[in-house]
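Engineer: Got a structure for you, questions after.
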Amino acid sequence: MIFENFASFRSSGFTPTVVVIGSGPAGVTISRKLAAAGIPVAILEAGGAEYSDESQDFYRGKTVGDPYFDLDVTRLRYFGGCSNHWAGWCRLMDAVDFEPKARVPDTGWPIRRSDLEPYLDEVHGILDLVPFRDDVPISEDIRWVQLIKSPAVRFAEKYRSEIEQGANIALVLDSYATELQGDGSKVTGAAVWSAGKAQGTLAADYYVPCTGGLENSRLLLWSNERSNGGVVPHAEALGRYWMEHPQFEGGNAIMKNPDQFEMDAVSEAFFSPSAEAMERTGIMNFGVRFIQMPYSGAKRLLAELACVAPESAEWASESVGSRLRCAAQLYVSWEQAPRRENRIVLSSTERDSLGIPRLELHWRKNEIEHRTLLEGLRLFGKTLAEKDYGRVRIADWILNGDPYPADQELAGNHHMGGTRMGDDVKKSVVDRDQKVHGMANLYVGGSSVFTTSGQCNPTTTIVALSARLGDHLARRIGQSAMAR
């Protein structure tokens with residue numbers, strides 16, 4: 001069922017057991033799982049069925065620190081959420097990403113990749129993916145990895161009919177959950193604004209905010225302030241440990257033969273480090289995107305190399321007559337270390353049109369981020385040279401330790417952390433089942449629960465976590481019903 005506003009939903013008499021807030025990949029995945037188990041679930045979507053400037057304005061905010069995207073541009077507030085501008089790149093986080101790292105404080109998830117692998121077949125169906133292939137070692141340091149580009153599923157398009165026809169699922173559009181109300185042990189209701197006015201409180205047995213890697217923190221921070229700590233009783237880490245994937249052009253490569261690696265349909269290949277290489281060099285995870293250039297690009301790069309890297313130019317010149325066939329641009333996306341000071345806070349001066357504080361994102365990259373970029377490119381270049389596949393030229397600004405360019409991609413639009421998963425209530429917000437510490441009926445879905453960011457695009461991991469959470473909630477609700 002789909003309702004255009006909260007009043008029409010209320011008049012239907014539908015009584016949800018679970019209220020999910022947000023209709024992006026996490027919210028829709030969790031809700032579909034619950035509905036399939038016969039559990040009534042209502043999805044509150046603050047936006048409408050389509051994009052509107054009025055709705056998007058609620059996402060305006062301020063960034064303090066490094067240059068970043070406008071906060072009302074980097075996410076979307078309507079049915080389908082950020083799946084509406086998702087590029088479709090898919091990969092599950094590596095096993096090493098879940099492990100604690102002695103060299104980096106506050107790493108290590110309370111679950112492992114093996115806890116998500118049982119859901120991969122389901123994730124393939126949700127995201128229209130072919131099965132993932134194993135990594136291919138290129139050297140002891142570098143491995144070819146598969147980054148699948150799916151059809152970029154738009155959740156509003158793919159699942160609209162299923163939701164419209166579902167007896168156990170109700171999508172309520174134009175319904176802004178302005179705050180959760182709680183007594184320090186459980187959530188007692190969600191205050192809702194719809195169609196230009198307050199609609200009172202929606203009660204349910206369970207609540208699952210899935211409003212994204214920025215807005216989850218804002219909703220819980222505001223709810224906690226309003227309830228004097230009654231929604232997140234252990235709030236030391238709330239809003240903290242926020243992470244992104246810095247993403248910049250890192251240099252170029254010149255190759256004898258691009259067929260040394262498997263290229264995808266658009267002449268790209270992807271590479272990541274081995275766990276041993278990361279440990280030895282003291283860096284985080286990273287991904288190199290190898291974008292093949294035509295032969296004319298190789299000739300131009302050869303001329304540039306003669307000026308800045310004579311040894312590489314000499315090697316390339318000797319190869320021109322034989323197998324020199326291409327050059328490549330190298331883009332690097334990499335893992336950001338989790339740090340408490342990277343955080344989301346409520347603005348003390350700016351509010352949205354309903355009087356709720358806008359968010360401020362405090363975000364800076366640190367020394368380990370630059371070291372990961374530089375050493376990662378060096379590892380990749382070393383592998384190409386040792387295998388005699390090619391040579392890498394690292395961009396001057398990276399070698400010189402200059403500021404990050406402000407005219408490049410900046411980051412991946414990947415919002416992670418703020419309600420992170422963990423066992424320590426002082427360093428996390430949710431437990432291994434994504435339940436808020438100390439609360440009986442409040443769970444959080446989406447990338448805000450990420451403990452660390454890994455290096456790959458987060459959507460596959462988000463959907464796997466959401467399928468797992470849907471199963472957990474269905475079991476718990478079923479057990480509670482049997483006990484009555």
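Please note that chains go A, B, ... in the order of the structure tokens, that every chain numbers its residues from 1, and that ligands are numbered from 1 in the order shown.
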Which polymer residues have any atom within 12 Å of an atom of Ile398 in chain A, counting only C-alpha atoms, with same-chain residues fewer than 5 positions away left out, as number ranges by chain?

Structural biologist: A: 248-251, 332, 369-378, 393, 403-405

Engineer: Pick out the residues sitting within 9 Å of Tyr119 in chain A, and hand them over as a list in words; count only C-alpha atoms, and ignore anything fewer than 5 positions along from it in its own chain.

Structural biologist: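 Contacts, with the query itself left out: His124, Val463, Ala464, Leu465, Ala467 and Arg468 of chain A.
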
Engineer: So which one's closest to Leu220 in chain A, A:Thr17, A:Ser52, A:Thr419, A:Ser175? Using only C-alpha atoms, please.

Structural biologist: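 Of A:Thr17, A:Ser52, A:Thr419, A:Ser175, the one nearest Leu220 in chain A is A:Thr419, counting only C-alpha atoms.
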
Engineer: Do a neighbour search on range 266-269 of chain A at 9 Å with only C-alpha atoms, toss out local chain neighbours closer than 5 positions, and write the hits as a VMD selection string.

Structural biologist: chain A and resid 144 to 147 261 288 to 293

Engineer: Selection from above, N, CA and C atoms, as a PDB file, in the first residue's frame, can you write it?

Structural biologist:
```pdb
ATOM      1  N   TRP A 144      43.995  -7.916  -8.356  1.00  0.00           N
ATOM      2  CA  TRP A 144      42.873  -7.476  -9.199  1.00  0.00           C
ATOM      3  C   TRP A 144      41.593  -7.828  -8.461  1.00  0.00           C
ATOM      4  N   VAL A 145      40.653  -6.878  -8.414  1.00  0.00           N
ATOM      5  CA  VAL A 145      39.389  -7.123  -7.729  1.00  0.00           C
ATOM      6  C   VAL A 145      38.238  -6.783  -8.669  1.00  0.00           C
ATOM      7  N   GLN A 146      37.130  -7.421  -8.424  1.00  0.00           N
ATOM      8  CA  GLN A 146      35.954  -7.172  -9.242  1.00  0.00           C
ATOM      9  C   GLN A 146      35.072  -6.131  -8.569  1.00  0.00           C
ATOM     10  N   LEU A 147      34.798  -5.076  -9.293  1.00  0.00           N
ATOM     11  CA  LEU A 147      33.822  -4.073  -8.872  1.00  0.00           C
ATOM     12  C   LEU A 147      32.713  -4.114  -9.914  1.00  0.00           C
ATOM     13  N   PHE A 261      45.720  -7.493 -17.678  1.00  0.00           N
ATOM     14  CA  PHE A 261      44.630  -7.492 -16.707  1.00  0.00           C
ATOM     15  C   PHE A 261      43.312  -7.626 -17.438  1.00  0.00           C
ATOM     16  N   VAL A 288      42.474   1.222  -6.535  1.00  0.00           N
ATOM     17  CA  VAL A 288      42.976   1.947  -7.709  1.00  0.00           C
ATOM     18  C   VAL A 288      42.053   1.630  -8.877  1.00  0.00           C
ATOM     19  N   ARG A 289      41.521   2.659  -9.473  1.00  0.00           N
ATOM     20  CA  ARG A 289      40.686   2.515 -10.672  1.00  0.00           C
ATOM     21  C   ARG A 289      41.552   2.833 -11.894  1.00  0.00           C
ATOM     22  N   PHE A 290      41.789   1.837 -12.697  1.00  0.00           N
ATOM     23  CA  PHE A 290      42.681   1.910 -13.859  1.00  0.00           C
ATOM     24  C   PHE A 290      41.806   2.151 -15.088  1.00  0.00           C
ATOM     25  N   ILE A 291      41.888   3.352 -15.658  1.00  0.00           N
ATOM     26  CA  ILE A 291      41.033   3.733 -16.787  1.00  0.00           C
ATOM     27  C   ILE A 291      41.896   3.841 -18.041  1.00  0.00           C
ATOM     28  N   GLN A 292      41.706   2.909 -18.947  1.00  0.00           N
ATOM     29  CA  GLN A 292      42.545   2.848 -20.142  1.00  0.00           C
ATOM     30  C   GLN A 292      42.324   4.067 -21.035  1.00  0.00           C
ATOM     31  N   MET A 293      43.435   4.610 -21.547  1.00  0.00           N
ATOM     32  CA  MET A 293      43.420   5.712 -22.498  1.00  0.00           C
ATOM     33  C   MET A 293      43.838   5.183 -23.866  1.00  0.00           C
TER      34      MET A 293
END
```

Engineer: Just checking: using only C-alpha atoms, which residue out of A:Arg476, A:Arg391, A:Lys186, A:Arg280 ends up closest to Gln329 in chain A?

Structural biologist: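 Using only C-alpha atoms, the shortest distance to Gln329 in chain A belongs to A:Arg391.
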
Engineer: From the set A:Gly38, A:Gly422, A:Pro100, A:Gly230, which residue has the shortest atom-to-atom contact distance to Gly166 in chain A, counting only C-alpha atoms?

Structural biologist: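 With only C-alpha atoms as the atom set, the closest residue is A:Gly38.
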
Engineer: Just the number, please: distance in Å from CA of Lys426 in chain A to CA of Ala26 in chain A, one decimal.

Structural biologist: 25.3 Å

Engineer: For Val187 in chain A, which residue out of A:Glu164, A:Asp205, A:Glu54, A:Asp174 is the nearest one, using only C-alpha atoms?

Structural biologist: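 Using only C-alpha atoms, the shortest distance to Val187 in chain A belongs to A:Asp205.
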
Engineer: Record the distance separating CA of Tyr206 in chain A and CA of His472 in chain A, expressed in Å with one decimal.

Structural biologist: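 Distance between the two atoms: 12.3 Å.
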
Engineer: If I take CA of His415 in chain A and CA of Gly212 in chain A, how far is one from the other in Å, to one decimal?

Structural biologist: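 So the two atoms, CA of His415 in chain A and CA of Gly212 in chain A, lie 7.4 Å apart.
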
Engineer: Please identify all polymer residues within 12 Å of range 125-129 of chain A, counting only C-alpha atoms, omitting same-chain residues fewer than 2 positions from it, and present them as a ChimeraX atom specification.

Structural biologist: /A:25-26,28-30,32-33,83,86-92,119-123,131-133,147-155,158-159,459-464,466-467

Engineer: Where in range 164-304 of chain A does DSSP assign helix (DSSP H, G or I), given as a ChimeraX atom specification?

Structural biologist: /A:164-165,215-226,258-260,275-281,295-304

Engineer: Hey, what's within 8 Å of Arg143 in chain A if we count only C-alpha atoms and toss same-chain stuff fewer than 4 positions away? As a list in words, please?

Structural biologist: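 Listing them by chain and then by number gives Asp135, Val136, Pro137, Ile138, Ser139, Phe271, Ser272, Pro273 and Ser274 of chain A.
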
Engineer: Keeping only N, CA and C atoms, take the residues you just selected and write them out as a PDB file, in the first residue's frame.

Structural biologist:
```
ATOM      1  N   ASP A 135      39.103 -12.546  -5.955  1.00  0.00           N
ATOM      2  CA  ASP A 135      40.209 -11.654  -6.294  1.00  0.00           C
ATOM      3  C   ASP A 135      41.326 -12.459  -6.976  1.00  0.00           C
ATOM      4  N   VAL A 136      42.129 -11.760  -7.772  1.00  0.00           N
ATOM      5  CA  VAL A 136      43.245 -12.401  -8.479  1.00  0.00           C
ATOM      6  C   VAL A 136      44.543 -11.717  -8.058  1.00  0.00           C
ATOM      7  N   PRO A 137      45.441 -12.404  -7.346  1.00  0.00           N
ATOM      8  CA  PRO A 137      46.709 -11.769  -6.953  1.00  0.00           C
ATOM      9  C   PRO A 137      47.545 -11.408  -8.185  1.00  0.00           C
ATOM     10  N   ILE A 138      48.042 -10.179  -8.205  1.00  0.00           N
ATOM     11  CA  ILE A 138      48.972  -9.740  -9.249  1.00  0.00           C
ATOM     12  C   ILE A 138      50.399  -9.823  -8.729  1.00  0.00           C
ATOM     13  N   SER A 139      50.553  -9.562  -7.444  1.00  0.00           N
ATOM     14  CA  SER A 139      51.828  -9.688  -6.743  1.00  0.00           C
ATOM     15  C   SER A 139      51.509  -9.957  -5.281  1.00  0.00           C
ATOM     16  N   PHE A 271      41.995  -2.451  -8.585  1.00  0.00           N
ATOM     17  CA  PHE A 271      43.040  -3.129  -7.831  1.00  0.00           C
ATOM     18  C   PHE A 271      43.003  -2.677  -6.378  1.00  0.00           C
ATOM     19  N   SER A 272      43.356  -3.587  -5.468  1.00  0.00           N
ATOM     20  CA  SER A 272      43.424  -3.283  -4.044  1.00  0.00           C
ATOM     21  C   SER A 272      44.642  -3.971  -3.446  1.00  0.00           C
ATOM     22  N   PRO A 273      45.042  -3.560  -2.234  1.00  0.00           N
ATOM     23  CA  PRO A 273      46.225  -4.160  -1.610  1.00  0.00           C
ATOM     24  C   PRO A 273      45.892  -5.451  -0.874  1.00  0.00           C
ATOM     25  N   SER A 274      46.898  -6.254  -0.674  1.00  0.00           N
ATOM     26  CA  SER A 274      46.750  -7.423   0.190  1.00  0.00           C
ATOM     27  C   SER A 274      46.752  -6.969   1.646  1.00  0.00           C
TER      28      SER A 274
END
```

Engineer: What are the DSSP strand (DSSP E) residues of range 195-439 of chain A, as an MDAnalysis selection string?

Structural biologist: chainID A and resid 197:202 206:209 246:255 268:273 286:293 326:334 343:351 357:363 390:394 410:411

Engineer: Where does range 118-198 of chain A meet range 354-359 of chain A within 12 Å, residue by residue, with the nearest atom pair and distance in Å to one decimal for each, counting only C-alpha atoms, listed by chain and rising number, as JSON lines?

Structural biologist:
```
{"residue": "A:Tyr176", "atom": "CA", "partner": "A:Leu354", "partner_atom": "CA", "distance": 10.1}
{"residue": "A:Ala177", "atom": "CA", "partner": "A:Ile356", "partner_atom": "CA", "distance": 11.2}
{"residue": "A:Thr178", "atom": "CA", "partner": "A:Ile356", "partner_atom": "CA", "distance": 7.7}
{"residue": "A:Glu179", "atom": "CA", "partner": "A:Ile356", "partner_atom": "CA", "distance": 9.2}
{"residue": "A:Val192", "atom": "CA", "partner": "A:Leu354", "partner_atom": "CA", "distance": 11.3}
{"residue": "A:Trp193", "atom": "CA", "partner": "A:Leu354", "partner_atom": "CA", "distance": 8.8}
{"residue": "A:Ser194", "atom": "CA", "partner": "A:Leu354", "partner_atom": "CA", "distance": 11.0}
{"residue": "A:Gly196", "atom": "CA", "partner": "A:Leu354", "partner_atom": "CA", "distance": 9.6}
{"residue": "A:Lys197", "atom": "CA", "partner": "A:Leu354", "partner_atom": "CA", "distance": 9.5}
{"residue": "A:Ala198", "atom": "CA", "partner": "A:Leu354", "partner_atom": "CA", "distance": 9.7}
```

Engineer: Could those selected residues go to a file with C-alpha atoms, as a PDB file, in the first residue's frame?

Structural biologist:
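selection_36.pdb, written as the output of this step:
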```pdb
ATOM      1  CA  TYR A 176       8.502  13.539   8.269  1.00  0.00           C
ATOM      2  CA  ALA A 177       9.368  11.745  11.521  1.00  0.00           C
ATOM      3  CA  THR A 178      10.527  14.860  13.337  1.00  0.00           C
ATOM      4  CA  GLU A 179      11.589  13.041  16.494  1.00  0.00           C
ATOM      5  CA  VAL A 192       5.078  12.970  12.528  1.00  0.00           C
ATOM      6  CA  TRP A 193       4.610  16.079  10.392  1.00  0.00           C
ATOM      7  CA  SER A 194       2.707  15.709   7.119  1.00  0.00           C
ATOM      8  CA  GLY A 196       1.771  21.053   6.407  1.00  0.00           C
ATOM      9  CA  LYS A 197       0.851  20.203   9.980  1.00  0.00           C
ATOM     10  CA  ALA A 198       1.698  18.058  12.989  1.00  0.00           C
TER      11      ALA A 198
END
```

Engineer: Excluding same-chain residues fewer than 6 positions from Gly213 in chain A, what lies within 8 Å of it counting only C-alpha atoms, as a list in words?

Structural biologist: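 The neighbour list is His414, His415, Met416, Gly417, Gly418, Gly446, Ser447 and Ser448 of chain A.
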
Engineer: How about saving the chosen residues, N, CA and C atoms kept, as an mmCIF file, in the first residue's frame?

Structural biologist:
```cif
data_model
loop_
_atom_site.group_PDB
_atom_site.id
_atom_site.type_symbol
_atom_site.label_atom_id
_atom_site.label_comp_id
_atom_site.auth_asym_id
_atom_site.auth_seq_id
_atom_site.Cartn_x
_atom_site.Cartn_y
_atom_site.Cartn_z
ATOM 1 N N HIS A 414 29.796 8.873 -0.004
ATOM 2 C CA HIS A 414 29.558 7.686 0.819
ATOM 3 C C HIS A 414 29.572 8.100 2.290
ATOM 4 N N HIS A 415 28.421 8.130 2.903
ATOM 5 C CA HIS A 415 28.279 8.650 4.269
ATOM 6 C C HIS A 415 28.222 7.482 5.232
ATOM 7 N N MET A 416 29.233 7.346 6.060
ATOM 8 C CA MET A 416 29.359 6.174 6.931
ATOM 9 C C MET A 416 29.691 6.602 8.358
ATOM 10 N N GLY A 417 29.165 5.853 9.317
ATOM 11 C CA GLY A 417 29.441 6.145 10.711
ATOM 12 C C GLY A 417 28.439 7.127 11.303
ATOM 13 N N GLY A 418 28.633 7.426 12.567
ATOM 14 C CA GLY A 418 27.730 8.306 13.310
ATOM 15 C C GLY A 418 26.863 7.551 14.290
ATOM 16 N N GLY A 446 21.358 0.970 7.731
ATOM 17 C CA GLY A 446 22.122 1.774 6.777
ATOM 18 C C GLY A 446 23.576 1.923 7.142
ATOM 19 N N SER A 447 24.276 2.728 6.374
ATOM 20 C CA SER A 447 25.733 2.854 6.513
ATOM 21 C C SER A 447 26.166 3.641 7.726
ATOM 22 N N SER A 448 25.241 4.278 8.435
ATOM 23 C CA SER A 448 25.640 4.978 9.664
ATOM 24 C C SER A 448 26.131 3.990 10.722
#
```
